[in-house]
$ cat structure-v9.pdb   # PDB, C-alpha atoms
ATOM      1  CA  MET A1110       0.000   0.000   0.000
ATOM      2  CA  LYS A1111       1.192   3.506  -0.691
ATOM      3  CA  LYS A1112       0.009   6.577   1.173
ATOM      4  CA  LYS A1113      -0.923   9.700  -0.705
ATOM      5  CA  GLU A1114      -0.122  12.733   1.414
ATOM      6  CA  LYS A1115      -2.688  15.480   1.193
ATOM      7  CA  GLU A1116      -4.381  18.043   3.361
ATOM      8  CA  ALA A1117      -7.421  15.865   3.978
ATOM      9  CA  ILE A1118      -7.663  12.295   5.290
ATOM     10  CA  ASN A1119      -4.719  10.075   4.376
ATOM     11  CA  GLU A1120      -5.590   8.031   1.310
ATOM     12  CA  TYR A1121      -3.926   4.709   0.497
ATOM     13  CA  HIS A1122      -3.543   3.089  -2.908
ATOM     14  CA  LEU A1123      -2.688  -0.447  -3.930
ATOM     15  CA  TYR A1124       0.504  -0.584  -6.000
ATOM     16  CA  ALA A1125       0.076   3.025  -7.115
ATOM     17  CA  ASP A1126       3.536   3.072  -8.701
ATOM     18  CA  PHE A1127       2.891  -0.188 -10.543
ATOM     19  CA  PRO A1128      -0.480   0.178 -12.326
ATOM     20  CA  ASP A1129       0.114  -2.998 -14.347
ATOM     21  CA  LYS A1130       0.619  -5.099 -11.224
ATOM     22  CA  MET A1131      -2.258  -7.337 -10.143
ATOM     23  CA  GLN A1132      -4.456  -5.292  -7.797
ATOM     24  CA  PHE A1133      -4.779  -7.970  -5.154
ATOM     25  CA  GLU A1134      -2.852  -8.918  -2.037
ATOM     26  CA  ILE A1135      -3.124 -10.794   1.255
ATOM     27  CA  ARG A1136      -1.191  -9.594   4.263
ATOM     28  CA  SER A1137      -0.710 -10.913   7.767
ATOM     29  CA  LEU A1138      -2.566  -8.561  10.105
ATOM     30  CA  SER A1139       0.168  -8.740  12.741
ATOM     31  CA  ASP A1140       2.867  -7.911  10.165
ATOM     32  CA  LEU A1141       0.838  -5.002   8.828
ATOM     33  CA  ILE A1142       0.337  -3.589  12.322
ATOM     34  CA  GLN A1143       4.046  -3.844  13.097
ATOM     35  CA  GLU A1144       4.910  -1.975   9.893
ATOM     36  CA  HIS A1145       2.205   0.702   9.955
ATOM     37  CA  ARG A1146       0.756   0.833  13.482
ATOM     38  CA  GLU A1147       0.761   4.649  13.773
ATOM     39  CA  ASP A1148      -0.821   5.230  10.359
ATOM     40  CA  MET A1149      -3.403   2.475  10.860
ATOM     41  CA  ALA A1150      -4.609   4.031  14.120
ATOM     42  CA  LYS A1151      -5.356   7.304  12.320
ATOM     43  CA  PRO A1152      -8.586   7.698  10.312
ATOM     44  CA  HIS A1153      -7.828   6.934   6.659
ATOM     45  CA  ILE A1154      -9.395   5.820   3.396
ATOM     46  CA  HIS A1155      -8.453   3.456   0.558
ATOM     47  CA  SER A1156      -9.048   3.573  -3.173
ATOM     48  CA  PHE A1157      -9.586  -0.202  -2.953
ATOM     49  CA  TYR A1158     -11.685  -2.679  -0.959
ATOM     50  CA  GLN A1159     -10.431  -4.293   2.208
ATOM     51  CA  VAL A1160     -11.412  -7.394   4.165
ATOM     52  CA  ILE A1161      -9.982  -7.468   7.707
ATOM     53  CA  TRP A1162     -10.206 -10.800   9.536
ATOM     54  CA  PHE A1163      -9.469 -10.475  13.255
ATOM     55  CA  LYS A1164      -8.762 -14.057  14.295
ATOM     56  CA  SER A1165      -7.942 -13.437  17.951
ATOM     57  CA  VAL A1166      -7.891 -10.776  20.693
ATOM     58  CA  THR A1167     -10.730  -8.361  21.451
ATOM     59  CA  GLY A1168     -10.734  -4.648  20.756
ATOM     60  CA  LYS A1169     -12.426  -1.885  18.795
ATOM     61  CA  HIS A1170     -12.571  -0.823  15.166
ATOM     62  CA  PHE A1171     -13.832   2.554  13.964
ATOM     63  CA  VAL A1172     -15.826   3.005  10.753
ATOM     64  CA  ASP A1173     -17.418   6.330   9.757
ATOM     65  CA  PHE A1174     -17.998   7.785  13.238
ATOM     66  CA  ASN A1175     -19.122   4.496  14.733
ATOM     67  CA  GLU A1176     -17.217   2.237  17.124
ATOM     68  CA  TYR A1177     -17.568  -1.516  16.647
ATOM     69  CA  ASP A1178     -16.484  -4.373  18.879
ATOM     70  CA  VAL A1179     -13.795  -6.724  17.664
ATOM     71  CA  SER A1180     -14.032 -10.281  18.963
ATOM     72  CA  GLU A1181     -12.524 -13.583  17.896
ATOM     73  CA  ASN A1182     -13.149 -14.295  14.198
ATOM     74  CA  THR A1183     -14.740 -10.948  13.411
ATOM     75  CA  ILE A1184     -14.450  -9.902   9.770
ATOM     76  CA  PHE A1185     -14.804  -6.272   8.670
ATOM     77  CA  PHE A1186     -15.640  -5.173   5.128
ATOM     78  CA  ILE A1187     -14.273  -1.746   4.287
ATOM     79  CA  ALA A1188     -15.442  -0.214   1.020
ATOM     80  CA  LYS A1189     -13.317   2.157  -1.005
ATOM     81  CA  ASN A1190     -13.454   5.756   0.276
ATOM     82  CA  GLN A1191     -14.834   4.637   3.642
ATOM     83  CA  VAL A1192     -13.108   6.214   6.644
ATOM     84  CA  HIS A1193     -11.878   3.704   9.205
ATOM     85  CA  ALA A1194      -9.206   3.285  11.870
ATOM     86  CA  PHE A1195      -7.722   0.573  14.060
ATOM     87  CA  ASP A1196      -7.334   0.873  17.808
ATOM     88  CA  HIS A1197      -3.859   0.815  19.369
ATOM     89  CA  ASN A1198      -3.871  -2.915  20.105
ATOM     90  CA  THR A1199      -0.739  -4.533  18.651
ATOM     91  CA  ASP A1200      -1.590  -8.157  19.487
ATOM     92  CA  TYR A1201      -4.077  -8.858  16.703
ATOM     93  CA  GLU A1202      -3.655 -11.980  14.599
ATOM     94  CA  GLY A1203      -5.408 -12.495  11.298
ATOM     95  CA  PHE A1204      -5.383 -11.472   7.666
ATOM     96  CA  VAL A1205      -6.056  -8.446   5.493
ATOM     97  CA  ILE A1206      -7.217  -8.922   1.905
ATOM     98  CA  ASN A1207      -6.889  -5.893  -0.373
ATOM     99  CA  PHE A1208      -8.332  -5.791  -3.875
ATOM    100  CA  SER A1209      -9.541  -3.258  -6.397
ATOM    101  CA  GLU A1210     -12.969  -3.266  -7.953
ATOM    102  CA  ASP A1211     -11.363  -3.836 -11.344
ATOM    103  CA  PHE A1212      -9.679  -6.992 -10.043
ATOM    104  CA  LEU A1213     -12.978  -8.580  -9.018
ATOM    105  CA  VAL A1214     -15.170  -7.159 -11.772
ATOM    106  CA  GLN A1215     -14.063  -8.509 -15.141
ATOM    107  CA  LYS A1216     -17.327  -9.121 -16.953
ATOM    108  CA  GLU A1217     -21.061  -8.548 -16.604
ATOM    109  CA  ASN A1218     -21.741 -11.467 -14.278
ATOM    110  CA  ASP A1219     -18.898 -10.212 -12.047
ATOM    111  CA  VAL A1220     -20.688  -6.863 -11.808
ATOM    112  CA  ASP A1221     -23.839  -8.700 -10.800
ATOM    113  CA  PHE A1222     -21.945 -10.701  -8.168
ATOM    114  CA  PHE A1223     -20.276  -7.613  -6.742
ATOM    115  CA  LEU A1224     -23.579  -5.763  -6.458
ATOM    116  CA  LYS A1225     -25.092  -8.740  -4.685
ATOM    117  CA  CYS A1226     -22.180  -8.838  -2.280
ATOM    118  CA  SER A1227     -24.026  -6.433  -0.032
ATOM    119  CA  MET A1228     -21.397  -6.577   2.710
ATOM    120  CA  PHE A1229     -19.518  -3.819   0.894
ATOM    121  CA  ASN A1230     -22.310  -2.050  -0.921
ATOM    122  CA  ASN A1231     -24.896  -1.577   1.806
ATOM    123  CA  PRO A1232     -24.282   1.397   4.123
ATOM    124  CA  TYR A1233     -27.351   0.471   6.146
ATOM    125  CA  GLN A1234     -25.860  -2.642   7.709
ATOM    126  CA  ILE A1235     -23.123  -3.226  10.276
ATOM    127  CA  PRO A1236     -19.836  -3.476   8.327
ATOM    128  CA  SER A1237     -18.729  -6.654  10.079
ATOM    129  CA  CYS A1238     -19.640 -10.270  10.707
ATOM    130  CA  CYS A1239     -18.486 -12.655  13.427
ATOM    131  CA  VAL A1240     -18.079 -16.025  11.732
ATOM    132  CA  GLY A1241     -17.682 -17.674  15.121
ATOM    133  CA  SER A1242     -15.458 -20.441  16.382
ATOM    134  CA  GLY A1243     -15.794 -23.703  14.466
ATOM    135  CA  ASN A1244     -16.910 -22.009  11.244
ATOM    136  CA  GLU A1245     -13.587 -20.603  10.166
ATOM    137  CA  TYR A1246     -11.961 -23.708   8.698
ATOM    138  CA  LYS A1247     -13.447 -23.178   5.214
ATOM    139  CA  LEU A1248     -12.240 -19.597   5.183
ATOM    140  CA  ASP A1249      -8.786 -20.713   6.284
ATOM    141  CA  GLU A1250      -8.687 -23.093   3.323
ATOM    142  CA  TYR A1251      -9.373 -20.269   0.869
ATOM    143  CA  ILE A1252      -6.734 -18.077   2.511
ATOM    144  CA  VAL A1253      -4.159 -20.871   2.121
ATOM    145  CA  GLN A1254      -5.166 -21.409  -1.511
ATOM    146  CA  MET A1255      -4.813 -17.703  -2.267
ATOM    147  CA  GLN A1256      -1.466 -17.429  -0.486
ATOM    148  CA  THR A1257      -0.139 -20.489  -2.329
ATOM    149  CA  GLU A1258      -1.274 -19.126  -5.683
ATOM    150  CA  LEU A1259       0.313 -15.730  -5.005
ATOM    151  CA  LYS A1260       3.697 -17.455  -4.564
ATOM    152  CA  GLU A1261       3.504 -18.677  -8.156
ATOM    153  CA  HIS A1262       4.799 -16.398 -10.879
ATOM    154  CA  ASP A1263       3.343 -15.963 -14.345
ATOM    155  CA  LYS A1264       1.271 -19.115 -14.053
ATOM    156  CA  TYR A1265      -1.547 -19.644 -16.536
ATOM    157  CA  GLY A1266      -4.910 -18.440 -15.176
ATOM    158  CA  GLN A1267      -3.486 -17.111 -11.920
ATOM    159  CA  GLU A1268      -5.703 -14.025 -11.674
ATOM    160  CA  GLU A1269      -8.804 -16.006 -12.574
ATOM    161  CA  LEU A1270      -8.071 -18.578  -9.873
ATOM    162  CA  LEU A1271      -7.512 -15.853  -7.290
ATOM    163  CA  ARG A1272     -10.805 -14.208  -8.262
ATOM    164  CA  LEU A1273     -12.594 -17.536  -7.807
ATOM    165  CA  TYR A1274     -11.010 -18.099  -4.380
ATOM    166  CA  LEU A1275     -11.894 -14.548  -3.319
ATOM    167  CA  LYS A1276     -15.488 -14.980  -4.478
ATOM    168  CA  ALA A1277     -15.730 -18.290  -2.623
ATOM    169  CA  PHE A1278     -14.389 -16.631   0.534
ATOM    170  CA  LEU A1279     -16.932 -13.789   0.291
ATOM    171  CA  ILE A1280     -19.807 -16.192  -0.414
ATOM    172  CA  GLN A1281     -18.961 -18.271   2.666
ATOM    173  CA  VAL A1282     -18.933 -15.154   4.854
ATOM    174  CA  GLN A1283     -22.181 -13.927   3.291
ATOM    175  CA  ARG A1284     -23.814 -17.285   4.085
ATOM    176  CA  ARG A1285     -22.712 -17.014   7.702
ATOM    177  CA  LYS A1286     -24.008 -13.461   7.893
ATOM    178  CA  TYR A1287     -27.417 -14.571   6.608
ATOM    179  CA  GLU A1288     -27.521 -17.351   9.212
ATOM    180  CA  LEU A1289     -26.759 -14.903  12.018
ATOM    181  CA  GLU A1290     -29.385 -12.453  10.801
ATOM    182  CA  GLN A1291     -32.012 -15.179  10.791
ATOM    183  CA  LEU A1292     -31.091 -16.141  14.353
ATOM    184  CA  ASN A1293     -31.695 -12.586  15.567
ATOM    185  CA  LYS A1294     -35.395 -12.180  16.237
ATOM    186  CA  GLY A1295     -37.044  -9.396  14.333
ATOM    187  CA  LEU A1296     -34.151  -8.999  11.904
ATOM    188  CA  SER A1297     -34.822 -10.350   8.444
ATOM    189  CA  PRO A1298     -31.817 -11.403   6.360
ATOM    190  CA  PHE A1299     -30.631  -9.102   3.602
ATOM    191  CA  ILE A1300     -31.466 -11.587   0.859
ATOM    192  CA  VAL A1301     -30.615 -10.102  -2.496
ATOM    193  CA  ASP A1302     -33.489 -10.093  -4.943
ATOM    194  CA  GLU A1303     -34.302  -7.792  -7.859
ATOM    195  CA  LYS A1304     -35.479  -4.973  -5.600
ATOM    196  CA  ARG A1305     -32.456  -5.103  -3.340
ATOM    197  CA  THR A1306     -30.108  -5.243  -6.308
ATOM    198  CA  GLN A1307     -31.786  -2.103  -7.643
ATOM    199  CA  LEU A1308     -31.375  -0.474  -4.226
ATOM    200  CA  ILE A1309     -27.651  -1.222  -4.285
ATOM    201  CA  HIS A1310     -27.465   0.268  -7.787
ATOM    202  CA  PHE A1311     -29.056   3.418  -6.371
ATOM    203  CA  VAL A1312     -26.599   3.532  -3.461
ATOM    204  CA  ASN A1313     -23.702   3.178  -5.911
ATOM    205  CA  LEU A1314     -25.060   5.976  -8.089
ATOM    206  CA  ILE A1315     -25.291   8.249  -5.051
ATOM    207  CA  GLU A1316     -21.670   7.422  -4.235
ATOM    208  CA  GLU A1317     -20.600   8.413  -7.739
ATOM    209  CA  ASN A1318     -22.697  11.580  -8.032
ATOM    210  CA  TYR A1319     -23.486  13.057  -4.607
ATOM    211  CA  THR A1320     -21.267  16.118  -5.173
ATOM    212  CA  LYS A1321     -23.230  17.103  -8.281
ATOM    213  CA  GLY A1322     -26.411  18.209  -6.512
ATOM    214  CA  LEU A1323     -28.646  15.901  -8.565
ATOM    215  CA  PRO A1324     -32.304  15.612  -7.516
ATOM    216  CA  ALA A1325     -33.875  12.240  -6.760
ATOM    217  CA  SER A1326     -35.786  12.398 -10.057
ATOM    218  CA  GLN A1327     -32.515  12.406 -12.004
ATOM    219  CA  TYR A1328     -31.295   9.322 -10.131
ATOM    220  CA  ALA A1329     -34.571   7.635 -11.040
ATOM    221  CA  GLU A1330     -33.909   8.427 -14.717
ATOM    222  CA  MET A1331     -30.426   6.911 -14.431
ATOM    223  CA  LEU A1332     -32.026   3.752 -13.039
ATOM    224  CA  PHE A1333     -34.668   3.755 -15.826
ATOM    225  CA  VAL A1334     -37.548   3.870 -13.332
ATOM    226  CA  SER A1335     -40.055   6.505 -12.276
ATOM    227  CA  LEU A1336     -39.465   8.593  -9.166
ATOM    228  CA  ARG A1337     -42.516   6.962  -7.614
ATOM    229  CA  THR A1338     -41.050   3.493  -8.223
ATOM    230  CA  LEU A1339     -37.747   4.542  -6.677
ATOM    231  CA  SER A1340     -39.523   6.111  -3.694
ATOM    232  CA  ASN A1341     -41.610   2.991  -3.134
ATOM    233  CA  LEU A1342     -38.445   0.897  -3.273
ATOM    234  CA  THR A1343     -36.474   2.881  -0.686
ATOM    235  CA  LEU A1344     -39.462   3.324   1.606
ATOM    236  CA  GLN A1345     -40.238  -0.383   1.519
ATOM    237  CA  LEU A1346     -36.678  -1.591   2.126
ATOM    238  CA  LEU A1347     -35.222   1.179   4.287
ATOM    239  CA  ASN A1348     -38.146   3.372   5.340
ATOM    240  CA  LYS A1349     -36.322   6.304   3.760
ATOM    241  CA  LYS A1350     -37.106   8.611   0.874
ATOM    242  CA  PRO A1351     -34.557   8.734  -1.983
ATOM    243  CA  SER A1352     -33.824  12.360  -1.126
ATOM    244  CA  GLU A1353     -33.016  11.373   2.479
ATOM    245  CA  MET A1354     -30.406   8.910   1.241
ATOM    246  CA  ILE A1355     -28.814  11.585  -0.948
ATOM    247  CA  HIS A1356     -28.738  14.058   1.945
ATOM    248  CA  GLU A1357     -27.242  11.441   4.277
ATOM    249  CA  ARG A1358     -24.348  10.799   1.894
ATOM    250  CA  ILE A1359     -23.607  14.518   1.524
ATOM    251  CA  VAL A1360     -23.685  15.058   5.289
ATOM    252  CA  LEU A1361     -21.477  12.002   5.858
ATOM    253  CA  GLU A1362     -18.792  13.418   3.578
ATOM    254  CA  ALA A1363     -19.060  16.799   5.264
ATOM    255  CA  LYS A1364     -18.557  15.142   8.661
ATOM    256  CA  ARG A1365     -15.559  13.193   7.374
ATOM    257  CA  LEU A1366     -13.862  16.343   6.129
ATOM    258  CA  LEU A1367     -14.743  18.390   9.207
ATOM    259  CA  LEU A1368     -13.200  15.840  11.556
ATOM    260  CA  HIS A1369     -10.365  14.399   9.505
ATOM    261  CA  SER A1370      -9.039  17.313   7.470
ATOM    262  CA  GLU A1371      -7.666  20.804   7.947
ATOM    263  CA  PHE A1372      -9.961  22.294   5.309
ATOM    264  CA  ASN A1373     -12.018  25.282   6.410
ATOM    265  CA  VAL A1374     -15.803  25.366   6.031
ATOM    266  CA  ASN A1375     -15.656  27.228   2.717
ATOM    267  CA  GLN A1376     -13.256  24.670   1.249
ATOM    268  CA  ILE A1377     -15.374  21.772   2.460
ATOM    269  CA  ALA A1378     -18.503  23.328   0.975
ATOM    270  CA  ASP A1379     -16.723  23.608  -2.374
ATOM    271  CA  LYS A1380     -15.421  20.036  -2.232
ATOM    272  CA  ILE A1381     -18.888  18.540  -1.792
ATOM    273  CA  GLY A1382     -20.553  20.646  -4.451
ATOM    274  CA  PHE A1383     -21.898  23.761  -2.705
ATOM    275  CA  GLU A1384     -21.211  27.009  -4.547
ATOM    276  CA  ASP A1385     -22.499  29.042  -1.596
ATOM    277  CA  SER A1386     -20.850  28.232   1.743
ATOM    278  CA  SER A1387     -23.603  29.968   3.691
ATOM    279  CA  TYR A1388     -26.129  27.603   2.101
ATOM    280  CA  PHE A1389     -23.899  24.670   3.042
ATOM    281  CA  ILE A1390     -23.883  25.851   6.676
ATOM    282  CA  ARG A1391     -27.699  26.031   6.710
ATOM    283  CA  TYR A1392     -27.924  22.656   4.984
ATOM    284  CA  PHE A1393     -25.582  20.974   7.463
ATOM    285  CA  LYS A1394     -27.402  22.475  10.443
ATOM    286  CA  LYS A1395     -30.764  21.355   9.067
ATOM    287  CA  TYR A1396     -29.697  17.702   8.967
ATOM    288  CA  THR A1397     -27.462  17.549  12.040
ATOM    289  CA  GLY A1398     -28.786  20.220  14.396
ATOM    290  CA  GLN A1399     -25.295  21.761  14.567
ATOM    291  CA  SER A1400     -23.306  24.195  12.503
ATOM    292  CA  PRO A1401     -20.209  22.736  10.804
ATOM    293  CA  THR A1402     -17.955  24.667  13.196
ATOM    294  CA  SER A1403     -19.840  23.465  16.273
ATOM    295  CA  PHE A1404     -19.719  19.884  15.004
ATOM    296  CA  ARG A1405     -15.963  20.091  14.495
ATOM    297  CA  LYS A1406     -15.384  21.630  17.941
ATOM    298  CA  SER A1407     -17.516  18.967  19.661
ATOM    299  CA  PHE A1408     -14.926  16.330  18.695
ATOM    300  CA  GLN A1409     -11.859  18.312  19.705
TER     301      GLN A1409
END
$ encode --input "structure-v9.pdb" --output "structure tokens"
Amino acid sequence: MKKKEKEAINEYHLYADFPDKMQFEIRSLSDLIQEHREDMAKPHIHSFYQVIWFKSVTGKHFVDFNEYDVSENTIFFIAKNQVHAFDHNTDYEGFVINFSEDFLVQKENDVDFFLKCSMFNNPYQIPSCCVGSGNEYKLDEYIVQMQTELKEHDKYGQEELLRLYLKAFLIQVQRRKYELEQLNKGLSPFIVDEKRTQLIHFVNLIEENYTKGLPASQYAEMLFVSLRTLSNLTLQLLNKKPSEMIHERIVLEAKRLLLHSEFNVNQIADKIGFEDSSYFIRYFKKYTGQSPTSFRKSFQ
């Protein structure tokens, strides 16, 4: 991983100096902590996806202003551009899998798989899953297969094999997550059907376009549905209007920059698409109950 130094949150890239290198790696969590413990404990983002498997030791992990418990065999799924940070525990054992979207998504059915892999693409769920003791042996097998394959050089079909192992790993975790959701009373599993796939498409479109100030009706056009259809979808699955989801993403980015950058309010307003900083201040206060400055000071 290579860090890009900038005024805002530290951003890490996978083999940034070697764009032709396969955008996939597996690292020992303990080795990574020893090498980068100070940087990992600071809020940061990646331009790639990350799977963090904590195999032992309890602690905390921080993802977008929320603190989550780490227990034995907890796996976190960090999407690209998502702010997260480790605690200062140096005793963790486990693995970190880093991969780019382009590595996993090679053809249309890969796109479909990735969208259905709602662990990364659903901001309305906890970004972790505890696979539990006794369920990890299958995942260990895939880790070993991937590590073994990575030791080979220029072998026929290497990337394709690694993609298959990664998919198998993610599917096994997704299965376990569904099982846990079904065990929790009152919590229905996030089974991916046509409606939920469309919802994830909408979430992805927001991620790509939230700085452009597009109305919900324009997102509906991009999804080739009516605004009413889109509204019915989000209300049914999340009890939220499409416009609420757009506002939430804008406010989330504003919070990230207020807490994890040195940009002033005017600069932040500009970065997230507001031409008028005074309107941004009113907007932020409307959805958070605080001015941007007050929000920033409350965390200092």
$ residues_around --input "structure-v9.pdb" --residues "Ser1209 (chain A)" --least-positions-apart "4" --cutoff "6 Å" --atoms "all atoms listed in the file" --output "mmCIF file with C-alpha atoms, keeping the file's coordinate frame"
data_model
loop_
_atom_site.group_PDB
_atom_site.id
_atom_site.type_symbol
_atom_site.label_atom_id
_atom_site.label_comp_id
_atom_site.auth_asym_id
_atom_site.auth_seq_id
_atom_site.Cartn_x
_atom_site.Cartn_y
_atom_site.Cartn_z
ATOM 1 C CA GLN A 1132 -4.456 -5.292 -7.797
ATOM 2 C CA PHE A 1157 -9.586 -0.202 -2.953
ATOM 3 C CA TYR A 1158 -11.685 -2.679 -0.959
#
$ residues_around --input "structure-v9.pdb" --residues "region 1256-1273 of chain A" --least-positions-apart "3" --cutoff "10 Å" --atoms "only C-alpha atoms" --output "VMD selection string"
chain A and resid 1131 to 1136 1208 1212 to 1215 1219 1250 to 1253 1276 to 1279
$ closest_residue --input "structure-v9.pdb" --among "A:Leu1275, A:Ala1325, A:Leu1346, A:Leu1339" --to "Asp1302 (chain A)" --atoms "only C-alpha atoms"
A:Leu1346
$ closest_atom_pairs --input "structure-v9.pdb" --of "region 1171-1251 of chain A" --to "region 1369-1378 of chain A" --cutoff "12 Å" --atoms "only C-alpha atoms" --output "CSV"
residue,atom,partner,partner_atom,distance
A:Asp1173,CA,A:His1369,CA,10.7
A:Phe1174,CA,A:His1369,CA,10.8
A:Val1192,CA,A:His1369,CA,9.1
A:His1193,CA,A:His1369,CA,10.8
A:Ala1194,CA,A:His1369,CA,11.4
$ write_last_selection --input "structure-v9.pdb" --atoms "C-alpha atoms" --output "compact mmCIF listing (two decimals), keeping the file's coordinate frame"
# COMPACT_ATOMS: atom_id res chain seq x y z
CA ASP A 1173 -17.42 6.33 9.76
CA PHE A 1174 -18.00 7.78 13.24
CA VAL A 1192 -13.11 6.21 6.64
CA HIS A 1193 -11.88 3.70 9.20
CA ALA A 1194 -9.21 3.28 11.87
$ residues_around --input "structure-v9.pdb" --residues "region 1143-1149 of chain A" --least-positions-apart "6" --cutoff "9 Å" --atoms "all atoms listed in the file" --output "PyMOL selection string"
chain A and resi 1119+1193-1199
$ write_last_selection --input "structure-v9.pdb" --atoms "C-alpha atoms" --output "CSV table (one decimal), in the coordinates of the input"
chain,number,residue,atom,x,y,z
A,1119,ASN,CA,-4.7,10.1,4.4
A,1193,HIS,CA,-11.9,3.7,9.2
A,1194,ALA,CA,-9.2,3.3,11.9
A,1195,PHE,CA,-7.7,0.6,14.1
A,1196,ASP,CA,-7.3,0.9,17.8
A,1197,HIS,CA,-3.9,0.8,19.4
A,1198,ASN,CA,-3.9,-2.9,20.1
A,1199,THR,CA,-0.7,-4.5,18.7
$ resolve_selection --input "structure-v9.pdb" --expression "the PyMOL selection byres ((chain A and resi 1242) around 10)" --output "short mmCIF file (atom, residue, chain, number, x, y, z; two decimals) with C-alpha atoms, in the frame of the given file"
data_model
loop_
_atom_site.label_atom_id
_atom_site.label_comp_id
_atom_site.auth_asym_id
_atom_site.auth_seq_id
_atom_site.Cartn_x
_atom_site.Cartn_y
_atom_site.Cartn_z
CA LYS A 1164 -8.76 -14.06 14.30
CA GLU A 1181 -12.52 -13.58 17.90
CA ASN A 1182 -13.15 -14.30 14.20
CA THR A 1183 -14.74 -10.95 13.41
CA CYS A 1239 -18.49 -12.66 13.43
CA VAL A 1240 -18.08 -16.02 11.73
CA GLY A 1241 -17.68 -17.67 15.12
CA GLY A 1243 -15.79 -23.70 14.47
CA ASN A 1244 -16.91 -22.01 11.24
CA GLU A 1245 -13.59 -20.60 10.17
CA TYR A 1246 -11.96 -23.71 8.70
#
$ resolve_selection --input "structure-v9.pdb" --expression "the PyMOL selection byres ((chain A and resi 1125) around 12)" --output "list in words"
Met1110, Lys1111, Lys1112, Lys1113, Glu1120, Tyr1121, His1122, Leu1123, Tyr1124, Asp1126, Phe1127, Pro1128, Asp1129, Lys1130, Met1131, Gln1132, His1155, Ser1156, Phe1157 and Ser1209 of chain A
$ atom_distance --input "structure-v9.pdb" --atom1 "CA of Ser1407 (chain A)" --atom2 "CA of Glu1384 (chain A)"
25.8 Å
$ closest_residue --input "structure-v9.pdb" --among "A:Thr1343, A:Asn1175, A:Phe1311, A:Arg1405" --to "Ala1329 (chain A)" --atoms "all atoms listed in the file"
A:Phe1311
$ closest_residue --input "structure-v9.pdb" --among "A:Lys1247, A:Arg1365, A:Arg1337, A:Lys1395" --to "Pro1152 (chain A)" --atoms "only C-alpha atoms"
A:Arg1365
